[in-house]
$ cat final_28.cif   # mmCIF, C-alpha atoms
data_structure
loop_
_atom_site.group_PDB
_atom_site.id
_atom_site.type_symbol
_atom_site.label_atom_id
_atom_site.label_comp_id
_atom_site.auth_asym_id
_atom_site.auth_seq_id
_atom_site.Cartn_x
_atom_site.Cartn_y
_atom_site.Cartn_z
ATOM 1 C CA MET A 26 0.000 0.000 0.000
ATOM 2 C CA ASN A 27 1.723 3.177 -1.194
ATOM 3 C CA GLU A 28 0.490 5.894 1.134
ATOM 4 C CA ALA A 29 1.706 8.037 4.014
ATOM 5 C CA LEU A 30 -0.022 7.469 7.353
ATOM 6 C CA SER A 31 -0.091 9.905 10.252
ATOM 7 C CA GLU A 32 0.640 7.899 13.395
ATOM 8 C CA SER A 33 0.527 10.303 16.301
ATOM 9 C CA GLN A 34 0.466 13.862 17.529
ATOM 10 C CA ASP A 35 2.875 16.101 19.410
ATOM 11 C CA SER A 36 4.037 14.446 22.615
ATOM 12 C CA GLY A 37 4.296 17.780 24.364
ATOM 13 C CA VAL A 38 7.847 17.261 25.658
ATOM 14 C CA ASP A 39 10.884 19.415 24.989
ATOM 15 C CA ASP A 40 12.925 16.596 23.448
ATOM 16 C CA TYR A 41 10.164 15.691 21.032
ATOM 17 C CA VAL A 42 11.570 13.995 17.901
ATOM 18 C CA ALA A 43 9.263 13.497 14.921
ATOM 19 C CA VAL A 44 10.010 10.434 12.803
ATOM 20 C CA ALA A 45 9.167 9.346 9.279
ATOM 21 C CA ILE A 46 9.411 5.587 8.765
ATOM 22 C CA TYR A 47 10.327 4.412 5.282
ATOM 23 C CA ALA A 48 9.777 0.836 4.088
ATOM 24 C CA ARG A 49 10.287 -0.649 0.627
ATOM 25 C CA THR A 50 10.044 -3.991 -1.120
ATOM 26 C CA SER A 51 11.319 -4.850 -4.580
ATOM 27 C CA SER A 52 8.431 -7.204 -5.346
ATOM 28 C CA LYS A 53 4.990 -8.004 -3.984
ATOM 29 C CA SER A 54 6.110 -11.559 -3.156
ATOM 30 C CA GLN A 55 8.677 -10.525 -0.535
ATOM 31 C CA GLN A 56 7.830 -11.951 2.864
ATOM 32 C CA PHE A 57 9.204 -12.560 6.341
ATOM 33 C CA GLY A 58 12.030 -10.170 7.333
ATOM 34 C CA TYR A 59 11.735 -8.121 4.162
ATOM 35 C CA SER A 60 7.966 -7.564 4.089
ATOM 36 C CA LEU A 61 6.600 -4.053 4.418
ATOM 37 C CA ASN A 62 4.720 -4.868 7.613
ATOM 38 C CA GLU A 63 7.762 -6.453 9.243
ATOM 39 C CA GLN A 64 9.991 -3.517 8.311
ATOM 40 C CA VAL A 65 7.464 -1.097 9.799
ATOM 41 C CA ARG A 66 7.113 -3.248 12.935
ATOM 42 C CA GLN A 67 10.859 -3.232 13.538
ATOM 43 C CA CYS A 68 10.989 0.528 13.038
ATOM 44 C CA LEU A 69 8.085 1.125 15.442
ATOM 45 C CA LYS A 70 9.869 -0.991 18.018
ATOM 46 C CA GLN A 71 13.016 1.113 17.581
ATOM 47 C CA CYS A 72 10.996 4.307 18.071
ATOM 48 C CA GLU A 73 9.758 2.985 21.406
ATOM 49 C CA VAL A 74 13.350 2.392 22.499
ATOM 50 C CA GLN A 75 14.427 5.862 21.403
ATOM 51 C CA ASN A 76 11.272 7.510 22.779
ATOM 52 C CA TRP A 77 10.608 8.993 19.356
ATOM 53 C CA THR A 78 7.192 9.923 17.957
ATOM 54 C CA VAL A 79 6.144 8.491 14.603
ATOM 55 C CA ARG A 80 4.515 11.113 12.439
ATOM 56 C CA PHE A 81 4.508 9.425 9.018
ATOM 57 C CA ILE A 82 4.920 5.982 7.512
ATOM 58 C CA TYR A 83 5.893 5.831 3.843
ATOM 59 C CA ARG A 84 5.555 2.503 2.037
ATOM 60 C CA ASP A 85 6.836 1.720 -1.467
ATOM 61 C CA GLU A 86 5.765 -1.727 -2.623
ATOM 62 C CA ALA A 87 7.399 -3.455 -5.618
ATOM 63 C CA GLU A 88 9.743 -0.508 -6.284
ATOM 64 C CA SER A 89 13.402 -0.827 -7.261
ATOM 65 C CA GLY A 90 16.010 0.754 -5.007
ATOM 66 C CA LYS A 91 17.927 1.880 -8.102
ATOM 67 C CA ASP A 92 15.135 4.287 -8.989
ATOM 68 C CA ILE A 93 14.783 7.403 -6.806
ATOM 69 C CA GLU A 94 11.493 8.205 -8.550
ATOM 70 C CA ARG A 95 9.679 5.914 -6.116
ATOM 71 C CA PRO A 96 6.272 7.533 -5.386
ATOM 72 C CA MET A 97 6.346 7.520 -1.587
ATOM 73 C CA PHE A 98 10.093 8.146 -1.452
ATOM 74 C CA GLN A 99 9.561 11.359 -3.399
ATOM 75 C CA LYS A 100 6.727 12.396 -1.056
ATOM 76 C CA MET A 101 8.974 11.698 1.922
ATOM 77 C CA MET A 102 11.813 13.805 0.497
ATOM 78 C CA ALA A 103 9.355 16.626 -0.158
ATOM 79 C CA GLY A 104 8.179 16.347 3.464
ATOM 80 C CA ALA A 105 11.794 16.527 4.652
ATOM 81 C CA GLU A 106 12.298 19.715 2.669
ATOM 82 C CA ARG A 107 9.263 21.179 4.472
ATOM 83 C CA ARG A 108 10.713 19.980 7.802
ATOM 84 C CA TRP A 109 7.674 17.866 8.685
ATOM 85 C CA PHE A 110 9.894 15.482 10.696
ATOM 86 C CA ASP A 111 13.341 15.269 12.247
ATOM 87 C CA VAL A 112 14.475 11.728 11.400
ATOM 88 C CA ILE A 113 14.013 9.229 8.566
ATOM 89 C CA LEU A 114 14.029 5.725 10.037
ATOM 90 C CA PHE A 115 14.440 2.572 7.952
ATOM 91 C CA TRP A 116 15.013 -1.087 8.679
ATOM 92 C CA LYS A 117 18.094 -1.465 6.468
ATOM 93 C CA LEU A 118 20.136 0.836 4.237
ATOM 94 C CA ASP A 119 19.312 -1.014 1.012
ATOM 95 C CA ARG A 120 15.617 -0.320 1.684
ATOM 96 C CA PHE A 121 16.364 3.413 1.651
ATOM 97 C CA SER A 122 19.008 3.829 -1.069
ATOM 98 C CA ARG A 123 20.750 1.813 -3.753
ATOM 99 C CA SER A 124 24.228 2.155 -2.208
ATOM 100 C CA LEU A 125 26.221 3.741 0.601
ATOM 101 C CA MET A 126 27.454 6.511 -1.699
ATOM 102 C CA HIS A 127 23.870 7.232 -2.729
ATOM 103 C CA ALA A 128 22.928 7.452 0.949
ATOM 104 C CA VAL A 129 25.817 9.883 1.504
ATOM 105 C CA GLN A 130 24.481 12.128 -1.250
ATOM 106 C CA LEU A 131 20.966 11.995 0.174
ATOM 107 C CA GLU A 132 22.219 12.666 3.716
ATOM 108 C CA SER A 133 24.067 15.753 2.523
ATOM 109 C CA GLY A 134 20.817 17.224 1.194
ATOM 110 C CA LEU A 135 18.765 16.155 4.211
ATOM 111 C CA ARG A 136 21.289 17.759 6.554
ATOM 112 C CA GLU A 137 20.378 21.155 5.091
ATOM 113 C CA TYR A 138 16.798 20.584 6.248
ATOM 114 C CA GLY A 139 17.854 19.396 9.701
ATOM 115 C CA VAL A 140 16.724 15.817 9.014
ATOM 116 C CA GLY A 141 18.811 12.845 10.186
ATOM 117 C CA LEU A 142 19.022 9.201 9.117
ATOM 118 C CA PHE A 143 18.740 6.122 11.333
ATOM 119 C CA SER A 144 19.026 2.439 10.410
ATOM 120 C CA VAL A 145 17.543 -0.189 12.719
ATOM 121 C CA THR A 146 19.991 -2.950 11.774
ATOM 122 C CA GLU A 147 23.174 -1.002 10.949
ATOM 123 C CA GLN A 148 25.419 1.542 12.632
ATOM 124 C CA ILE A 149 23.979 4.444 10.710
ATOM 125 C CA ASP A 150 22.758 7.270 12.915
ATOM 126 C CA THR A 151 23.189 10.926 11.978
ATOM 127 C CA THR A 152 20.985 12.206 14.809
ATOM 128 C CA THR A 153 23.952 12.541 17.214
ATOM 129 C CA ALA A 154 27.417 14.079 16.937
ATOM 130 C CA ALA A 155 29.086 10.659 17.368
ATOM 131 C CA GLY A 156 26.731 9.123 14.804
ATOM 132 C CA ARG A 157 27.465 11.845 12.270
ATOM 133 C CA PHE A 158 31.202 11.374 12.857
ATOM 134 C CA ASN A 159 30.971 7.619 12.239
ATOM 135 C CA PHE A 160 28.797 8.130 9.167
ATOM 136 C CA ARG A 161 31.280 10.578 7.664
ATOM 137 C CA ASN A 162 34.115 8.125 8.317
ATOM 138 C CA ILE A 163 32.156 5.415 6.534
ATOM 139 C CA ALA A 164 31.410 7.854 3.715
ATOM 140 C CA SER A 165 35.107 8.796 3.413
ATOM 141 C CA ALA A 166 36.088 5.131 3.195
ATOM 142 C CA ALA A 167 33.419 4.537 0.550
ATOM 143 C CA GLU A 168 34.589 7.562 -1.446
ATOM 144 C CA PHE A 169 38.203 6.358 -1.255
ATOM 145 C CA GLU A 170 37.184 2.926 -2.499
ATOM 146 C CA ARG A 171 35.172 4.490 -5.314
ATOM 147 C CA ASP A 172 38.138 6.641 -6.380
ATOM 148 C CA MET A 173 40.435 3.610 -6.379
ATOM 149 C CA ILE A 174 37.987 1.614 -8.501
ATOM 150 C CA GLN A 175 37.647 4.557 -10.874
ATOM 151 C CA GLN A 176 41.422 4.893 -11.143
ATOM 152 C CA ARG A 177 41.863 1.176 -11.890
ATOM 153 C CA THR A 178 39.056 1.349 -14.441
ATOM 154 C CA GLN A 179 40.684 4.300 -16.221
ATOM 155 C CA MET A 180 44.024 2.498 -16.306
ATOM 156 C CA GLY A 181 42.394 -0.592 -17.773
ATOM 157 C CA LEU A 182 40.487 1.491 -20.322
ATOM 158 C CA ARG A 183 43.655 3.256 -21.437
ATOM 159 C CA ALA A 184 45.519 -0.046 -21.846
ATOM 160 C CA LEU A 185 42.607 -1.348 -23.923
ATOM 161 C CA ALA A 186 42.465 1.833 -26.030
ATOM 162 C CA MET A 187 46.200 1.789 -26.774
ATOM 163 C CA ASP A 188 45.599 -1.480 -28.626
ATOM 164 C CA HIS A 189 42.567 0.029 -30.436
ATOM 165 C CA LYS A 190 40.183 -2.414 -28.759
ATOM 166 C CA TRP A 191 36.482 -1.746 -28.225
ATOM 167 C CA PRO A 192 35.436 -1.273 -24.571
ATOM 168 C CA ASN A 193 32.026 -2.980 -24.627
ATOM 169 C CA ASP A 194 29.994 -5.613 -26.445
ATOM 170 C CA ARG A 195 27.991 -3.074 -28.478
ATOM 171 C CA PRO A 196 30.137 -1.962 -31.430
ATOM 172 C CA PRO A 197 28.692 0.776 -33.671
ATOM 173 C CA LEU A 198 26.686 -0.132 -36.736
ATOM 174 C CA GLY A 199 29.032 -1.316 -39.472
ATOM 175 C CA TYR A 200 31.413 -3.251 -37.228
ATOM 176 C CA THR A 201 31.700 -6.573 -35.434
ATOM 177 C CA LYS A 202 33.863 -7.223 -32.394
ATOM 178 C CA LEU A 203 36.573 -9.838 -32.819
ATOM 179 C CA PRO A 204 37.718 -12.280 -30.093
ATOM 180 C CA ASP A 205 40.788 -10.073 -29.502
ATOM 181 C CA GLU A 206 38.353 -7.175 -28.781
ATOM 182 C CA ARG A 207 39.352 -5.188 -31.876
ATOM 183 C CA LEU A 208 36.786 -4.150 -34.489
ATOM 184 C CA SER A 209 36.252 -5.590 -37.945
ATOM 185 C CA ILE A 210 34.197 -3.943 -40.677
ATOM 186 C CA ASP A 211 31.003 -5.847 -41.477
ATOM 187 C CA SER A 212 30.463 -5.678 -45.244
ATOM 188 C CA GLU A 213 26.651 -5.661 -45.185
ATOM 189 C CA ALA A 214 26.254 -3.314 -42.227
ATOM 190 C CA SER A 215 28.916 -0.939 -43.552
ATOM 191 C CA ASP A 216 26.950 -0.645 -46.804
ATOM 192 C CA LEU A 217 23.999 0.536 -44.709
ATOM 193 C CA VAL A 218 26.210 3.158 -43.030
ATOM 194 C CA ARG A 219 27.311 4.477 -46.429
ATOM 195 C CA ALA A 220 23.712 4.522 -47.619
ATOM 196 C CA ILE A 221 22.689 6.574 -44.564
ATOM 197 C CA PHE A 222 25.327 9.229 -45.305
ATOM 198 C CA GLU A 223 24.400 9.337 -48.995
ATOM 199 C CA SER A 224 20.705 9.546 -48.204
ATOM 200 C CA TYR A 225 21.201 12.360 -45.705
ATOM 201 C CA ILE A 226 23.300 14.395 -48.133
ATOM 202 C CA GLU A 227 20.502 14.009 -50.672
ATOM 203 C CA GLU A 228 17.510 14.458 -48.357
ATOM 204 C CA ARG A 229 19.092 16.981 -45.926
ATOM 205 C CA SER A 230 16.661 15.735 -43.273
ATOM 206 C CA MET A 231 17.157 13.157 -40.515
ATOM 207 C CA PRO A 232 13.408 12.424 -40.144
ATOM 208 C CA ARG A 233 13.125 11.655 -43.862
ATOM 209 C CA VAL A 234 16.183 9.389 -43.747
ATOM 210 C CA ALA A 235 14.743 7.558 -40.742
ATOM 211 C CA ARG A 236 11.421 7.123 -42.522
ATOM 212 C CA LYS A 237 13.115 5.680 -45.616
ATOM 213 C CA LEU A 238 15.145 3.269 -43.494
ATOM 214 C CA ASN A 239 12.000 2.036 -41.742
ATOM 215 C CA GLU A 240 10.186 1.675 -45.058
ATOM 216 C CA ASN A 241 13.039 -0.550 -46.203
ATOM 217 C CA ARG A 242 12.755 -2.468 -42.898
ATOM 218 C CA SER A 243 16.334 -1.681 -41.949
ATOM 219 C CA LEU A 244 17.154 -1.860 -38.229
ATOM 220 C CA THR A 245 19.696 -0.202 -35.954
ATOM 221 C CA SER A 246 22.614 -2.140 -34.469
ATOM 222 C CA GLN A 247 20.383 -2.787 -31.425
ATOM 223 C CA GLY A 248 17.603 -4.205 -33.607
ATOM 224 C CA ASN A 249 15.298 -1.189 -33.203
ATOM 225 C CA LYS A 250 13.439 0.974 -35.679
ATOM 226 C CA TRP A 251 15.132 4.149 -36.847
ATOM 227 C CA CYS A 252 14.408 7.602 -35.463
ATOM 228 C CA PRO A 253 16.025 10.989 -36.272
ATOM 229 C CA ARG A 254 18.240 10.785 -33.203
ATOM 230 C CA ALA A 255 19.602 7.370 -34.230
ATOM 231 C CA VAL A 256 20.387 8.753 -37.685
ATOM 232 C CA GLY A 257 22.162 11.695 -36.059
ATOM 233 C CA ASP A 258 24.280 9.324 -33.960
ATOM 234 C CA ILE A 259 25.535 7.703 -37.164
ATOM 235 C CA LEU A 260 26.280 11.040 -38.829
ATOM 236 C CA ARG A 261 28.255 12.307 -35.810
ATOM 237 C CA ASN A 262 30.388 9.203 -35.258
ATOM 238 C CA GLU A 263 33.955 10.004 -36.369
ATOM 239 C CA LEU A 264 34.911 6.329 -36.054
ATOM 240 C CA TYR A 265 33.509 5.906 -39.572
ATOM 241 C CA THR A 266 36.396 8.057 -40.832
ATOM 242 C CA GLY A 267 38.887 5.895 -38.921
ATOM 243 C CA GLN A 268 39.224 8.325 -36.011
ATOM 244 C CA TYR A 269 39.273 6.043 -32.970
ATOM 245 C CA SER A 270 38.535 7.805 -29.642
ATOM 246 C CA VAL A 271 38.210 5.851 -26.389
ATOM 247 C CA GLY A 272 38.993 7.407 -23.012
ATOM 248 C CA ASP A 273 41.840 9.880 -23.488
ATOM 249 C CA VAL A 274 43.215 7.999 -26.504
ATOM 250 C CA SER A 275 42.422 9.443 -29.925
ATOM 251 C CA GLU A 276 44.227 7.961 -32.941
ATOM 252 C CA TYR A 277 43.641 7.307 -36.617
ATOM 253 C CA VAL A 278 43.100 3.613 -37.410
ATOM 254 C CA SER A 279 42.962 3.073 -41.171
ATOM 255 C CA GLU A 280 41.306 -0.360 -41.000
ATOM 256 C CA TYR A 281 38.312 1.183 -39.176
ATOM 257 C CA ARG A 282 37.500 3.637 -41.985
ATOM 258 C CA ILE A 283 34.130 3.241 -43.713
ATOM 259 C CA ILE A 284 33.344 6.796 -44.894
ATOM 260 C CA PRO A 285 35.681 9.112 -46.884
ATOM 261 C CA ASP A 286 36.548 12.410 -45.236
ATOM 262 C CA ASP A 287 34.812 14.513 -47.885
ATOM 263 C CA VAL A 288 31.515 12.651 -47.388
ATOM 264 C CA PHE A 289 31.694 13.015 -43.609
ATOM 265 C CA VAL A 290 32.556 16.720 -43.894
ATOM 266 C CA ARG A 291 29.680 17.326 -46.333
ATOM 267 C CA ALA A 292 27.178 15.585 -44.042
ATOM 268 C CA THR A 293 28.490 17.617 -41.092
ATOM 269 C CA GLU A 294 28.117 20.894 -43.023
ATOM 270 C CA ILE A 295 24.512 20.061 -43.822
ATOM 271 C CA ARG A 296 23.819 18.999 -40.237
ATOM 272 C CA MET A 297 25.308 22.218 -38.849
ATOM 273 C CA ARG A 298 23.916 24.553 -41.518
ATOM 274 C CA PHE A 299 21.349 26.202 -39.230
ATOM 275 C CA GLN A 300 23.942 26.786 -36.498
ATOM 276 C CA ASN A 301 26.407 28.500 -38.820
ATOM 277 C CA ARG A 302 25.119 32.008 -39.530
ATOM 278 C CA SER A 303 27.809 32.629 -42.137
ATOM 279 C CA VAL A 304 26.045 30.112 -44.383
ATOM 280 C CA PRO A 305 22.870 31.641 -45.901
ATOM 281 C CA GLN A 306 19.788 29.645 -44.999
ATOM 282 C CA ARG A 307 17.644 28.354 -47.806
ATOM 283 C CA GLN A 308 14.323 30.188 -47.907
ATOM 284 C CA MET A 309 11.047 28.305 -48.027
ATOM 285 C CA GLU A 310 9.683 28.073 -51.560
ATOM 286 C CA PRO A 311 6.665 30.383 -52.154
ATOM 287 C CA SER A 312 4.514 27.483 -53.355
ATOM 288 C CA ARG A 313 5.202 25.527 -50.168
ATOM 289 C CA LYS A 314 4.488 28.577 -48.019
ATOM 290 C CA GLU A 315 1.157 29.142 -49.810
ATOM 291 C CA ARG A 316 0.217 25.480 -49.358
ATOM 292 C CA ILE A 317 0.899 25.613 -45.600
ATOM 293 C CA VAL A 318 -1.165 28.814 -45.199
ATOM 294 C CA ARG A 319 -3.998 27.286 -47.235
ATOM 295 C CA ASP A 320 -4.003 24.115 -45.127
ATOM 296 C CA VAL A 321 -4.150 26.137 -41.900
ATOM 297 C CA MET A 322 -7.026 28.277 -43.181
ATOM 298 C CA ASP A 323 -8.964 25.225 -44.394
ATOM 299 C CA THR A 324 -8.567 23.575 -41.005
ATOM 300 C CA TYR A 325 -9.761 26.735 -39.240
ATOM 301 C CA VAL A 326 -12.803 27.032 -41.505
ATOM 302 C CA GLU A 327 -13.729 23.399 -40.864
ATOM 303 C CA PHE A 328 -13.377 24.037 -37.134
ATOM 304 C CA LEU A 329 -15.805 26.989 -37.335
ATOM 305 C CA LYS A 330 -18.302 24.976 -39.381
ATOM 306 C CA SER A 331 -18.237 22.128 -36.871
ATOM 307 C CA GLY A 332 -19.793 24.379 -34.222
ATOM 308 C CA GLN A 333 -17.000 23.633 -31.732
ATOM 309 C CA ALA A 334 -15.820 27.241 -31.587
ATOM 310 C CA SER A 335 -17.132 29.278 -28.673
ATOM 311 C CA LEU A 336 -16.402 32.538 -26.936
ATOM 312 C CA THR A 337 -14.359 32.169 -23.759
ATOM 313 C CA ASP A 338 -13.510 34.482 -20.911
ATOM 314 C CA PRO A 339 -10.162 36.082 -21.925
ATOM 315 C CA LYS A 340 -9.181 36.237 -18.239
ATOM 316 C CA LYS A 341 -9.571 32.499 -17.727
ATOM 317 C CA THR A 342 -6.394 30.438 -17.855
ATOM 318 C CA ILE A 343 -5.955 26.686 -17.945
#
$ encode --input "final_28.cif" --output "C-alpha cells"
Amino acid sequence: MNEALSESQDSGVDDYVAVAIYARTSSKSQQFGYSLNEQVRQCLKQCEVQNWTVRFIYRDEAESGKDIERPMFQKMMAGAERRWFDVILFWKLDRFSRSLMHAVQLESGLREYGVGLFSVTEQIDTTTAAGRFNFRNIASAAEFERDMIQQRTQMGLRALAMDHKWPNDRPPLGYTKLPDERLSIDSEASDLVRAIFESYIEERSMPRVARKLNENRSLTSQGNKWCPRAVGDILRNELYTGQYSVGDVSEYVSEYRIIPDDVFVRATEIRMRFQNRSVPQRQMEPSRKERIVRDVMDTYVEFLKSGQASLTDPKKTI
C-alpha cells in the first residue's frame, strides 16, 4: 500500500523527535524479514526504544532501489524539505538507497533541512554528533574505495584503447567485435552506413532518412526501428572516418575507416547549416508557403463549421 499514514500527535515534551518511517520492497512476493509490515514493525519498536514519535509511515511496494522516482520516497523527500519530521528511520540501508554513496548524497541534502538518518539494523545514525562522525568516516572510506575503482578502471580502459580495442559488447553499426576485442568492418552493415550518409546528403533531413530506413525495414545495431536521433548518432560518429577515440586515446586507425573524409565533412556541413550564420539559410519556396497557409485556413474554416468554436472568458487560464 503506497500511502503516508499519520501515526501520532505532538508528545508535548521538549525533546520531542518526529520520525518518518520508510519501508520498501522490490516485489509483492517478498515476505518474512523483508515484508513491508515487518519492516514497519521493527521501526516502530526502535521508536519505542528511542522515545521517538512516529509522524509518518511511507511505504513503497514493488519498487526498485535503483530508482529514486519511487512515489512515496519522493513524497517523503518533499516532506523533509518542508521539515515535517526530524528523522528518517528505515530497517536497512538497502531499503532506503541503492548504495552507501547514494545514501551519503541523500544525507548531505537532508542535513540542510535538519533531518537525520537512522538504520535499525546497521550503525547508521546521523541524529547525534558521534553518529554523524561515524557516518562521515564510513562515507570517506566509501569515497576512497570508489576513487580507487575509478582509477583502476581508467588504467584498464587506457591499456585497452592503446591497442585500439572496443570497450564494450555493443560496437557501432558497421562493425563486429573480434575475439581479440578489436573491431572488424562488417560488409553488409557498412553498406547501410554508407547509404545513410548518402541519403542524408541528398535528403538533408534526418526524419526523412529515418522514414526511408523504416520503409526498407532496416534496423539499428540494437535491432530497433530508426528515429532521427539514431540517424544523427551515425552522422556524428567520427569512427567511420577511422578516427578512434576511447577514453583519453584518440588515434587514426585506417582499417576502421568506412566513410571518406569529404563525405563526412559534407554531411556535417549540412547537419550544422542552421547553427552557422555565415552560411545563408535556404528560404522556403513560395509554393510551399502558400500550401501551408492554405491548409491552416482550411482547417480553421472546418473548425468553425463544426460548431465547436465558442467565446471564452479572456481572463480564464488553464
$ residues_near_point --input "final_28.cif" --point "(29.0, -2.6, -42.6)" --cutoff "7 Å" --atoms "all atoms listed in the file" --output "ChimeraX atom specification"
/A:198-200,210-218
$ resolve_selection --input "final_28.cif" --expression "the PyMOL selection byres ((chain A and resi 64) around 9)" --output "PDB file with C-alpha atoms, in the coordinates of the input"
ATOM      1  CA  TYR A  47      10.327   4.412   5.282  1.00  0.00           C
ATOM      2  CA  ALA A  48       9.777   0.836   4.088  1.00  0.00           C
ATOM      3  CA  ARG A  49      10.287  -0.649   0.627  1.00  0.00           C
ATOM      4  CA  GLY A  58      12.030 -10.170   7.333  1.00  0.00           C
ATOM      5  CA  TYR A  59      11.735  -8.121   4.162  1.00  0.00           C
ATOM      6  CA  SER A  60       7.966  -7.564   4.089  1.00  0.00           C
ATOM      7  CA  LEU A  61       6.600  -4.053   4.418  1.00  0.00           C
ATOM      8  CA  ASN A  62       4.720  -4.868   7.613  1.00  0.00           C
ATOM      9  CA  GLU A  63       7.762  -6.453   9.243  1.00  0.00           C
ATOM     10  CA  VAL A  65       7.464  -1.097   9.799  1.00  0.00           C
ATOM     11  CA  ARG A  66       7.113  -3.248  12.935  1.00  0.00           C
ATOM     12  CA  GLN A  67      10.859  -3.232  13.538  1.00  0.00           C
ATOM     13  CA  CYS A  68      10.989   0.528  13.038  1.00  0.00           C
ATOM     14  CA  LEU A  69       8.085   1.125  15.442  1.00  0.00           C
ATOM     15  CA  PHE A 115      14.440   2.572   7.952  1.00  0.00           C
ATOM     16  CA  TRP A 116      15.013  -1.087   8.679  1.00  0.00           C
ATOM     17  CA  LYS A 117      18.094  -1.465   6.468  1.00  0.00           C
TER      18      LYS A 117
END
$ closest_residue --input "final_28.cif" --among "A:Ala128, A:Val271, A:Val140, A:Val288" --to "Phe160 of chain A" --atoms "only C-alpha atoms"
A:Ala128
$ closest_residue --input "final_28.cif" --among "A:Glu263, A:Cys252, A:Val129, A:Thr245" --to "Arg233 of chain A" --atoms "all atoms listed in the file"
A:Cys252
$ atom_distance --input "final_28.cif" --atom1 "atom CA of Arg161 of chain A" --atom2 "atom CA of Glu73 of chain A"
26.6 Å
$ atom_distance --input "final_28.cif" --atom1 "atom CA of Met173 of chain A" --atom2 "atom CA of Leu125 of chain A"
15.8 Å
$ resolve_selection --input "final_28.cif" --expression "the PyMOL selection byres ((chain A and resi 144) around 7)" --output "ChimeraX atom specification"
/A:114-118,142-143,145-150
$ axis_aligned_box --input "final_28.cif" --around "segment 121-130 of chain A" --padding-each-side "8 Å" --output "AutoDock Vina command-line options"
--center_x 21.9 --center_y 7.0 --center_z -1.1 --size_x 27.1 --size_y 26.3 --size_z 21.4
